[in-house]
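For reference, the structure is listed below as structure tokens.
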Number of protein chains: 2
Amino acid sequence: MSSAALDVALAYHRAWAGGDLDAALEYIAVDVVCEAPPGRLEGVDAYRAFMEPYVSQLLGVTLLGAFGDDSTAVVMYDSATRLVAQAPGAECVTVVDGRIAHSWFVFDRLPFQAARAAQAAVVGSGDAEAPAS
Amino acid sequence: MSSAALDVALAYHRAWAGGDLDAALEYIAVDVVCEAPPGRLEGVDAYRAFMEPYVSQLLGVTLLGAFGDDSTAVVMYDSATRLVAQAPGAECVTVVDGRIAHSWFVFDRLPFQAARAAQAAVVGSGDAEAPAS
């Protein structure tokens, strides 16, 4: 069974999981359409802006499952980040001419939102206490 | 290539996607361990309690990708629910003796939390206005 889409999906995955977002984006079509938790992303620049904060705080990635055929692949992984200790995600990608042209991207935003709120609270609390110290 | 795990994952998926949670749970091991967004679920009763609120408000499910081999499968789908119009999810399952023994379950809890908060606000607003009506 041919697995051209899986090959591309795994090359992309290994690149960003290793912290190299530029290399990962080589596998993303310029006019990619990605259905992501914050909404639809259109174009590789929007895709980069979406991935950058996540990749920049990655501590490690564990591949859970990766399967595909000639046109479609599904990759699922767990990850540890500085904000969230356990942040699994899944991507279902459609590959055209060696690049990801369409993607469904799923992860749970709730722990990221909670972690950012906690960070903001600490910063806020520090500010509030500053005059007293 | 044998795909026994994919067969089980798809039978389970089609059952709950059709609204039949009892039939779906026939494919879940009694001592299943599931890494889900709210945390680790242990046992089929915990798994049922996790799935029930979601399945009970399902409007429709679209399969996005499903692949697997003899022991592992990954299934990704979009769904529409009464609470959240677009709620994609992904499951990476390990199958032992014809049942899902281990699972990673990913979806975005944020829109569900927002929808429940909005519901609560409407209920609260209704309560507050009741004495005046």
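A note on labels: chains of the structure tokens are A, B, ... as shown, every chain counts residues from 1, and ligands are counted from 1 in their shown order.
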**OP:** Fewer than 4 positions away in the same chain doesn't count, so skip those; otherwise give me all residues within 7 Å of Cys92 in chain B, counting only C-alpha atoms, as a PyMOL selection string.
**Re:** (chain A and resi 65) or (chain B and resi 73-75+103-105)
For the selection you just gave me, I'd like the residues written to a file as a PDB file, in the first residue's frame, keeping C-alpha atoms.
```pdb
ATOM      1  CA  GLY A  65      -0.031   6.699  16.112  1.00  0.00           C
TER       2      GLY A  65
ATOM      3  CA  ALA B  73      -6.019   2.498  15.077  1.00  0.00           C
ATOM      4  CA  VAL B  74      -6.520   6.234  14.785  1.00  0.00           C
ATOM      5  CA  VAL B  75      -9.963   7.645  13.988  1.00  0.00           C
ATOM      6  CA  SER B 103      -7.213   5.017  24.232  1.00  0.00           C
ATOM      7  CA  TRP B 104      -6.017   8.562  23.729  1.00  0.00           C
ATOM      8  CA  PHE B 105      -8.996  10.842  23.244  1.00  0.00           C
TER       9      PHE B 105
END
```
Original post:
If you run DSSP on this backbone, which residues of range 18-81 of chain A come out as alpha helix (DSSP H), and could you give them as a PyMOL selection string?
Top reply: chain A and resi 21-25+44-55
Original post:
Can you tell me how far CA of Asp78 in chain B sits from CA of Val96 in chain A, in Å to one decimal?
Top reply: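 Spanning CA of Asp78 in chain B to CA of Val96 in chain A is a straight-line distance of 21.6 Å.
The nearest approach to His13 in chain A among the residues A:Gly89, A:Gly43, A:Pro38, A:Pro53, with only C-alpha atoms taken into account, belongs to A:Gly89.
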Original post:
Could you name the residues that touch Ser71 in chain A at 12 Å or less, counting only C-alpha atoms, but leaving out those on the same chain fewer than 5 positions away, as a ChimeraX atom specification?
Top reply: /A:1-9,92-103 /B:65
Resulting file, chosen residues, N, CA and C atoms, as a CSV table (one decimal), in the first residue's frame:
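Result went into again.csv, see below:
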```
chain,number,residue,atom,x,y,z
A,1,MET,N,0.8,-1.2,0.0
A,1,MET,CA,0.0,0.0,0.0
A,1,MET,C,0.9,1.2,0.0
A,2,SER,N,0.6,2.1,-0.9
A,2,SER,CA,1.4,3.4,-1.0
A,2,SER,C,1.0,4.3,0.2
A,3,SER,N,2.0,5.1,0.6
A,3,SER,CA,1.7,5.9,1.8
A,3,SER,C,2.4,7.2,1.6
A,4,ALA,N,2.3,7.8,0.5
A,4,ALA,CA,2.9,9.1,0.2
A,4,ALA,C,2.5,10.2,1.1
A,5,ALA,N,1.2,10.2,1.5
A,5,ALA,CA,0.7,11.2,2.4
A,5,ALA,C,1.3,11.0,3.8
A,6,LEU,N,1.4,9.8,4.2
A,6,LEU,CA,2.0,9.5,5.5
A,6,LEU,C,3.4,9.9,5.6
A,7,ASP,N,4.2,9.7,4.5
A,7,ASP,CA,5.6,10.1,4.5
A,7,ASP,C,5.7,11.6,4.7
A,8,VAL,N,4.9,12.4,4.0
A,8,VAL,CA,4.9,13.8,4.1
A,8,VAL,C,4.5,14.2,5.5
A,9,ALA,N,3.4,13.6,6.0
A,9,ALA,CA,2.9,14.0,7.3
A,9,ALA,C,4.0,13.7,8.4
A,92,CYS,N,-5.2,15.4,10.8
A,92,CYS,CA,-5.6,14.6,9.7
A,92,CYS,C,-5.4,15.5,8.4
A,93,VAL,N,-4.4,15.0,7.6
A,93,VAL,CA,-3.9,15.9,6.5
A,93,VAL,C,-4.2,15.3,5.2
A,94,THR,N,-4.5,16.2,4.2
A,94,THR,CA,-4.6,15.8,2.8
A,94,THR,C,-3.4,16.3,2.1
A,95,VAL,N,-2.7,15.5,1.4
A,95,VAL,CA,-1.4,15.8,0.7
A,95,VAL,C,-1.6,15.9,-0.8
A,96,VAL,N,-1.2,17.0,-1.3
A,96,VAL,CA,-1.3,17.2,-2.8
A,96,VAL,C,0.1,17.7,-3.2
A,97,ASP,N,0.7,17.0,-4.2
A,97,ASP,CA,2.0,17.3,-4.8
A,97,ASP,C,3.1,17.5,-3.7
A,98,GLY,N,3.0,16.6,-2.7
A,98,GLY,CA,4.1,16.5,-1.7
A,98,GLY,C,4.0,17.5,-0.5
A,99,ARG,N,2.8,18.2,-0.5
A,99,ARG,CA,2.6,19.2,0.6
A,99,ARG,C,1.2,19.0,1.2
A,100,ILE,N,1.1,19.4,2.4
A,100,ILE,CA,-0.2,19.4,3.1
A,100,ILE,C,-1.0,20.5,2.6
A,101,ALA,N,-2.1,20.2,1.9
A,101,ALA,CA,-3.0,21.2,1.3
A,101,ALA,C,-4.2,21.5,2.2
A,102,HIS,N,-4.6,20.5,3.0
A,102,HIS,CA,-5.7,20.6,3.9
A,102,HIS,C,-5.5,19.8,5.2
A,103,SER,N,-5.9,20.4,6.3
A,103,SER,CA,-5.6,19.7,7.5
A,103,SER,C,-6.8,20.0,8.5
B,65,GLY,N,-11.0,10.6,8.9
B,65,GLY,CA,-9.9,9.7,8.5
B,65,GLY,C,-9.9,8.5,9.5
```
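Using only C-alpha atoms, one finds that the residues of chain B close to chain A, at 7 Å or less, are Pro37, Gly65, Phe67, Gly68, Val74, Pro88, Gly89, Ala90, Cys92, Val106, Phe107, Asp108, Arg109 and Leu110 of chain B.
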Give me a file of those residues, with N, CA, C and O atoms, as a CSV table (one decimal), in the first residue's frame.
```csv
chain,number,residue,atom,x,y,z
B,37,PRO,N,-9.3,14.5,27.7
B,37,PRO,CA,-9.0,15.9,28.1
B,37,PRO,C,-9.2,16.2,29.6
B,37,PRO,O,-8.4,16.9,30.2
B,65,GLY,N,-11.0,10.6,8.9
B,65,GLY,CA,-9.9,9.7,8.5
B,65,GLY,C,-9.9,8.5,9.5
B,65,GLY,O,-10.1,8.7,10.7
B,67,PHE,N,-7.5,4.9,10.1
B,67,PHE,CA,-6.5,4.0,9.7
B,67,PHE,C,-6.0,3.2,10.9
B,67,PHE,O,-6.2,3.6,12.0
B,68,GLY,N,-5.5,2.0,10.6
B,68,GLY,CA,-4.9,1.2,11.7
B,68,GLY,C,-4.3,-0.1,11.2
B,68,GLY,O,-4.3,-0.3,10.0
B,74,VAL,N,-6.2,4.8,14.5
B,74,VAL,CA,-6.5,6.2,14.8
B,74,VAL,C,-7.7,6.6,14.0
B,74,VAL,O,-7.8,6.4,12.8
B,88,PRO,N,-14.7,18.7,16.4
B,88,PRO,CA,-13.9,17.6,15.9
B,88,PRO,C,-13.2,16.8,17.0
B,88,PRO,O,-13.0,17.4,18.1
B,89,GLY,N,-12.9,15.6,16.8
B,89,GLY,CA,-12.2,14.8,17.8
B,89,GLY,C,-11.4,13.7,17.2
B,89,GLY,O,-11.5,13.5,16.0
B,90,ALA,N,-10.5,13.2,18.0
B,90,ALA,CA,-9.6,12.1,17.5
B,90,ALA,C,-9.4,11.1,18.6
B,90,ALA,O,-9.3,11.5,19.8
B,92,CYS,N,-7.0,7.5,19.4
B,92,CYS,CA,-6.0,6.6,19.1
B,92,CYS,C,-6.1,5.4,20.0
B,92,CYS,O,-5.9,5.6,21.2
B,106,VAL,N,-8.8,13.0,22.1
B,106,VAL,CA,-8.5,14.4,22.0
B,106,VAL,C,-9.7,15.2,21.4
B,106,VAL,O,-10.2,14.8,20.4
B,107,PHE,N,-10.1,16.2,22.1
B,107,PHE,CA,-11.0,17.2,21.5
B,107,PHE,C,-10.8,18.5,22.3
B,107,PHE,O,-10.2,18.5,23.3
B,108,ASP,N,-11.4,19.6,21.7
B,108,ASP,CA,-11.2,20.9,22.4
B,108,ASP,C,-12.4,21.2,23.3
B,108,ASP,O,-13.5,21.3,22.9
B,109,ARG,N,-12.0,21.2,24.6
B,109,ARG,CA,-13.1,21.5,25.6
B,109,ARG,C,-13.6,22.9,25.6
B,109,ARG,O,-14.6,23.2,26.2
B,110,LEU,N,-12.7,23.8,25.1
B,110,LEU,CA,-13.0,25.3,25.3
B,110,LEU,C,-14.4,25.7,24.8
B,110,LEU,O,-15.1,26.4,25.5
```
Original post:
For Gly19 in chain A, which residue out of A:Leu59, A:Leu41, A:Ala49, A:Val33 is the nearest one, using only C-alpha atoms?
Top reply: A:Leu59
Subject >> Distance in Å - CA of Ser56 in chain A versus CA of Thr81 in chain A >> reply: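 Between these atoms lies a distance of 8.8 Å.
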**OP:** Going by DSSP on the backbone, which bits of range 20-115 of chain B are strand (DSSP E)? Write them as a PyMOL selection string, please.
**Re:** chain B and resi 28-36+39-42+58-68+72-81+89-96+99-107
Subject >> For Ala46 in chain B: contacts at 10 Å, only C-alpha atoms, fewer than 4 positions along chain excluded, given as a list of chain:residue names >> reply: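 With the cut-off at 10 Å, the set is B:Asp31, B:Val32, B:Val33, B:Cys34, B:Arg40, B:Leu41, B:Glu42, B:Phe50, B:Met51.
The interatomic distance for the pair CA of Tyr27 in chain B and CA of Tyr12 in chain B works out to 5.8 Å.
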